[in-house]
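One file, upload-v6.txt, carrying compact mmCIF, C-alpha atoms and all ligand atoms:
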# COMPACT_ATOMS: atom_id res chain seq x y z
CA MET A 1372 0.00 0.00 0.00
CA LEU A 1373 2.91 2.31 0.63
CA GLY A 1374 3.75 2.19 -3.04
CA LEU A 1375 0.24 3.44 -3.95
CA PHE A 1376 0.52 6.68 -2.00
CA CYS A 1377 0.99 9.80 -4.09
CA TYR A 1378 3.30 12.37 -2.55
CA ALA A 1379 2.11 15.05 -4.99
CA CYS A 1380 -1.59 15.10 -4.15
CA GLU A 1381 -1.36 13.32 -0.78
CA LEU A 1382 -4.80 11.83 -1.32
CA LEU A 1383 -5.19 9.16 -3.91
CA SER A 1384 -3.30 6.11 -4.81
CA LEU A 1385 -4.40 6.43 -8.45
CA CYS A 1386 -2.48 9.61 -9.22
CA SER A 1387 -0.38 9.58 -12.36
CA ARG A 1388 2.68 10.11 -10.23
CA SER A 1389 1.96 7.09 -8.08
CA PRO A 1390 3.99 3.96 -8.62
CA ALA A 1391 0.65 2.18 -8.86
CA PHE A 1392 0.43 3.25 -12.49
CA THR A 1393 3.30 1.11 -13.37
CA ILE A 1394 0.77 -1.71 -13.20
CA PRO A 1395 -0.57 -2.22 -16.77
CA ALA A 1396 -4.10 -3.02 -15.54
CA LEU A 1397 -4.37 0.50 -14.16
CA ALA A 1398 -3.20 2.26 -17.31
CA ALA A 1399 -6.75 3.22 -18.34
CA VAL A 1400 -7.45 4.65 -14.91
CA ARG A 1401 -4.22 6.57 -15.11
CA ARG A 1402 -5.37 8.33 -18.27
CA ARG A 1403 -8.61 9.44 -16.60
CA THR A 1404 -7.18 10.56 -13.28
CA SER A 1405 -4.18 12.66 -14.14
CA HIS A 1406 -3.52 15.20 -11.38
CA SER A 1407 -1.57 17.62 -13.48
CA PRO A 1408 -2.36 21.11 -12.23
CA PRO A 1409 -4.11 23.53 -14.66
CA VAL A 1410 -1.70 25.72 -16.57
CA PHE A 1411 -2.65 29.26 -17.53
CA ARG A 1412 -0.61 30.14 -20.55
CA MET A 1413 0.10 33.74 -21.40
CA ARG A 1414 -0.63 34.74 -24.97
CA ARG A 1415 2.45 35.64 -26.84
CA ALA A 1416 2.38 38.68 -29.02
CA GLY A 1417 3.72 38.11 -32.47
CA PRO A 1418 2.81 38.29 -36.12
CA GLY A 1419 0.36 35.39 -35.87
CA ARG A 1420 -1.09 36.62 -32.55
CA ALA A 1421 -1.48 40.29 -33.31
CA ARG A 1422 -5.27 40.18 -33.51
CA SER A 1423 -5.61 38.13 -30.32
CA ALA A 1424 -3.32 40.41 -28.36
CA ALA A 1425 -5.23 43.47 -29.53
CA ALA A 1426 -8.52 41.86 -28.47
CA GLY A 1427 -7.45 41.90 -24.83
CA PRO A 1428 -6.35 39.47 -22.15
CA GLY A 1429 -6.87 35.73 -22.19
CA ARG A 1430 -10.00 33.92 -21.01
CA PRO A 1431 -9.15 33.50 -17.29
CA VAL A 1432 -8.31 37.20 -17.00
CA ARG A 1433 -11.51 38.15 -18.86
CA ILE A 1434 -13.60 36.07 -16.46
CA ILE A 1435 -12.00 37.73 -13.42
CA TRP A 1436 -12.46 41.15 -15.01
CA ARG A 1437 -16.16 40.45 -15.66
CA MET A 1438 -16.62 39.36 -12.03
CA ILE A 1439 -15.05 42.61 -10.81
CA THR A 1440 -17.02 44.90 -13.11
CA ASN A 1441 -20.34 43.10 -12.48
CA GLN A 1442 -19.72 43.37 -8.76
CA SER A 1443 -19.06 47.10 -8.96
CA ARG A 1444 -22.27 47.54 -11.00
CA ARG A 1445 -24.26 45.73 -8.34
CA THR A 1446 -22.83 47.84 -5.51
CA ALA A 1447 -23.11 51.22 -7.24
CA PRO A 1448 -24.81 53.63 -4.83
CA ALA A 1449 -28.32 54.54 -5.84
CA VAL A 1450 -29.48 58.14 -5.62
CA SER A 1451 -31.73 58.49 -2.59
CA SER A 1452 -35.28 59.77 -3.00
CA ALA A 1453 -35.09 61.94 0.13
CA PRO A 1454 -37.16 65.09 -0.45
CA CYS A 1455 -36.31 68.70 0.33
CA ARG A 1456 -36.30 69.76 3.95
CA VAL A 1457 -37.63 73.10 5.15
CA THR A 1458 -36.47 74.39 8.52
CA VAL A 1459 -38.59 77.17 10.02
CA CYS A 1460 -36.92 78.93 12.91
CA ARG A 1461 -39.10 79.23 16.00
CA GLY A 1462 -36.51 80.55 18.46
CA CYS A 1463 -36.38 83.62 20.62
CA CYS A 1464 -37.23 86.10 17.85
CA CYS A 1465 -38.60 84.13 14.89
CA GLY A 1466 -42.24 83.31 15.54
CA ASP A 1467 -42.57 85.86 18.34
CA ALA A 1468 -45.27 88.50 17.78
CA ARG A 1469 -43.52 90.89 20.17
CA LYS A 1470 -40.34 90.85 18.06
CA VAL A 1471 -42.04 90.64 14.66
CA PRO A 1472 -45.59 92.01 14.95
CA GLY A 1473 -48.35 91.71 12.38
CA VAL A 1474 -47.48 88.19 11.21
CA ASP A 1475 -49.47 84.96 11.57
CA HIS A 1476 -46.51 83.11 13.03
CA ALA A 1477 -48.52 80.10 14.19
CA GLY A 1478 -49.95 79.59 10.70
CA GLN A 1479 -46.65 79.54 8.79
CA ILE A 1480 -45.67 75.90 9.39
CA PRO A 1481 -49.18 74.45 8.77
CA ARG A 1482 -49.45 76.54 5.61
CA LEU A 1483 -46.13 75.29 4.29
CA ARG A 1484 -47.00 71.67 5.10
CA ALA A 1485 -50.35 71.95 3.35
CA ALA A 1486 -48.75 73.51 0.25
CA LEU A 1487 -45.87 71.03 0.05
CA GLY A 1488 -47.40 67.67 0.96
CA ASP A 1489 -44.81 64.95 0.28
CA ALA A 1490 -42.54 67.32 -1.64
CA ALA A 1491 -40.71 68.35 1.54
CA GLN A 1492 -40.37 67.76 5.24
CA VAL A 1493 -41.19 70.87 7.26
CA ARG A 1494 -39.80 71.18 10.76
CA ALA A 1495 -39.37 73.85 13.42
CA SER A 1496 -36.01 74.63 14.96
CA GLU A 1497 -34.48 76.48 17.86
CA CYS A 1498 -32.78 79.83 17.26
CA LEU A 1499 -30.46 79.62 14.24
CA ASP A 1500 -28.33 82.53 15.47
CA VAL A 1501 -29.31 85.05 12.81
CA CYS A 1502 -32.10 86.77 14.74
CA ASP A 1503 -31.83 90.03 12.83
CA GLN A 1504 -33.34 88.11 9.86
CA ALA A 1505 -36.44 86.86 11.72
CA ASN A 1506 -38.47 85.00 10.52
CA VAL A 1507 -35.85 82.67 9.07
CA VAL A 1508 -36.61 79.76 6.72
CA VAL A 1509 -33.93 77.40 5.37
CA VAL A 1510 -34.57 75.25 2.31
CA GLN A 1511 -32.32 72.21 2.05
CA PRO A 1512 -32.11 70.39 -1.27
CA SER A 1513 -33.49 66.95 -1.93
CA ALA A 1514 -31.01 64.12 -2.43
CA ALA A 1515 -31.32 64.54 -6.20
CA GLY A 1516 -30.95 68.30 -5.87
CA ARG A 1517 -27.84 67.94 -3.73
CA ALA A 1518 -26.38 65.50 -6.25
CA ALA A 1519 -27.01 68.15 -8.91
CA GLY A 1520 -25.08 70.75 -6.91
CA GLY A 1521 -27.88 72.30 -4.83
CA ARG A 1522 -27.01 73.72 -1.41
CA PRO A 1523 -29.13 74.98 1.50
CA VAL A 1524 -30.69 78.36 0.85
CA TRP A 1525 -31.26 80.70 3.76
CA LEU A 1526 -34.21 83.07 3.53
CA GLY A 1527 -34.78 85.89 5.99
CA LEU A 1528 -37.63 88.30 6.78
CA VAL A 1529 -40.14 85.71 5.59
CA ASN A 1530 -43.06 87.57 7.11
CA ASP A 1531 -45.73 87.54 4.41
CA ASP A 1532 -47.90 84.94 2.79
CA ASP A 1533 -46.64 85.66 -0.73
CA ALA A 1534 -43.11 84.69 0.29
CA LEU A 1535 -44.38 81.40 1.71
CA ALA A 1536 -46.30 80.70 -1.51
CA ASP A 1537 -43.19 81.40 -3.61
CA ILE A 1538 -41.06 79.11 -1.44
CA ALA A 1539 -43.61 76.31 -1.72
CA ALA A 1540 -43.89 76.69 -5.52
CA TRP A 1541 -40.11 76.58 -5.90
CA ILE A 1542 -39.79 73.42 -3.80
CA ARG A 1543 -42.62 71.71 -5.69
CA ALA A 1544 -40.69 72.46 -8.89
CA GLY A 1545 -37.62 70.68 -7.47
CA GLY A 1546 -35.99 73.17 -5.10
CA PRO A 1547 -32.24 73.88 -4.81
CA GLY A 1548 -30.16 72.27 -7.52
CA LEU A 1549 -33.14 71.30 -9.69
CA ALA A 1550 -35.16 74.47 -10.24
CA ASP A 1551 -34.42 78.19 -10.30
CA PRO A 1552 -36.12 80.07 -7.48
CA PRO A 1553 -38.63 82.80 -8.34
CA GLY A 1554 -36.71 86.02 -8.82
CA VAL A 1555 -38.46 87.69 -5.90
CA LEU A 1556 -36.88 85.23 -3.48
CA ASP A 1557 -33.53 86.87 -4.17
CA LEU A 1558 -34.79 89.66 -1.90
CA TYR A 1559 -35.05 87.21 0.99
CA ALA A 1560 -31.88 85.15 0.43
CA PHE A 1561 -28.83 85.80 2.55
CA THR A 1562 -25.62 83.97 3.33
CA VAL A 1563 -24.41 82.65 6.65
CA SER A 1564 -21.06 81.63 8.07
CA ARG A 1565 -20.05 78.00 7.89
CA ARG A 1566 -20.55 77.70 11.66
CA VAL A 1567 -24.14 78.91 11.45
CA GLY A 1568 -24.80 76.84 8.34
CA LYS A 1569 -24.00 73.65 10.22
CA ALA A 1570 -26.98 74.28 12.50
CA VAL A 1571 -29.42 72.89 9.94
CA GLU A 1572 -27.29 70.02 8.64
CA GLY A 1573 -27.78 66.50 9.95
S1 LIG B 1601 -34.84 83.12 16.63
FE1 LIG B 1601 -34.66 82.68 14.54
S2 LIG B 1601 -32.60 83.11 14.18
FE2 LIG B 1601 -32.78 83.50 16.27
As structure tokens - that is how I would like this structure written.
Ligand code: FES
Amino acid sequence: MLGLFCYACELLSLCSRSPAFTIPALAAVRRRTSHSPPVFRMRRAGPGRARSAAAGPGRPVRIIWRMITNQSRRTAPAVSSAPCRVTVCRGCCCGDARKVPGVDHAGQIPRLRAALGDAAQVRASECLDVCDQANVVVVQPSAAGRAAGGRPVWLGLVNDDDALADIAAWIRAGGPGLADPPGVLDLYAFTVSRRVGKAVEG
């Protein structure tokens, strides 16, 4: 039995390298059970191989390449469908009739929600640290709008119904990154420092 052990594959006694194949009766088995390892031959460039070389790598490499590229297609990040977000400041000054009289502060958020429906999430926030612009509204882009380059737009002195209607119409059209705001909203837009801007992110 010792003579039937194959030191190459360490498993079978019928390996082509086993002394067992010196027995003529096992010659047929020997032909069927060769343990020669697979050999991946590199294509040689040359006059007769020019077309093959130009066509790309050999079959094993092509298979591995397809596996990699198919995998990356499957894991490609999909664009989220998250809608716009509207932050309405309700801090110490915004929403306070003593600081900004003559405005239906309590009705602003319900009015925006009714006008926007699923087009945006509307939320109230604490003071955003730009009280001189009360009432402050921040429009954050949808996921698609952000992917298209849209950034949060800060609007101040939003103290009339027409401004709310214009904001709602703009967001329904796509909002930042996807639609141009009505020209009149330029009168309300202002910029903030990076520190203040972080207050509405997240
Ligand atoms: S209360 Fe709105 S910015 Fe301060």
TODO: Fewer than 5 positions away in the same chain doesn't count, so skip those; otherwise give me all residues within 10 Å of Pro1472 (chain A), counting only C-alpha atoms, as a list of chain:residue names.
DONE: A:Gly1466, A:Asp1467, A:Asn1530
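Reported to one decimal place, the separation of CA of Ala1550 (chain A) from CA of Ala1518 (chain A) is 13.2 Å.
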- [ ] Determine, counting only C-alpha atoms, which protein, DNA and RNA residues have an atom within 10 Å of an atom of Asp1537 (chain A); residues of the same chain fewer than 5 positions away are not included. Present the result as a list of chain:residue names.
- [x] A:Asp1532, A:Ile1542, A:Arg1543, A:Pro1552, A:Pro1553, A:Gly1554, A:Val1555, A:Leu1556
TODO: Tell me which of A:Ala1491, A:Ala1505, A:Ala1485, A:Val1529 sits closest to ligand LIG 1601 (chain B), counting only C-alpha atoms and all ligand atoms.
DONE: A:Ala1505
Task: Within 12 Å of ligand LIG 1601 (chain B), counting only C-alpha atoms and all ligand atoms, residues as a PyMOL selection string - done: chain A and resi 1458-1468+1470-1471+1476+1495-1509+1525-1529+1563+1567-1568+1570-1571
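Minimum distance to Val1474 (chain A) across A:Asp1531, A:Gly1516, A:Ala1540, A:Cys1455 (counting all atoms listed in the file) occurs at A:Asp1531.
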Axis-aligned box for all listed atoms of region 1554-1567 of chain A, 8 Å per side, centre and edges in Å to one decimal, as lines of an AutoDock Vina configuration file:
center_x = -29.3
center_y = 83.7
center_z = 1.4
size_x = 34.4
size_y = 28.0
size_z = 36.5
Task: Separation of CA of Ala1534 (chain A) from CA of Pro1481 (chain A) in Å - done: 14.6 Å
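Put simply, CA of Ala1544 (chain A) is 12.2 Å away from CA of Ala1486 (chain A).
Shortest separation to Val1524 (chain A) among A:Ala1490, A:Ser1451, A:Arg1566, A:Arg1456 occurs at residue A:Arg1456, atoms counted being all atoms listed in the file.
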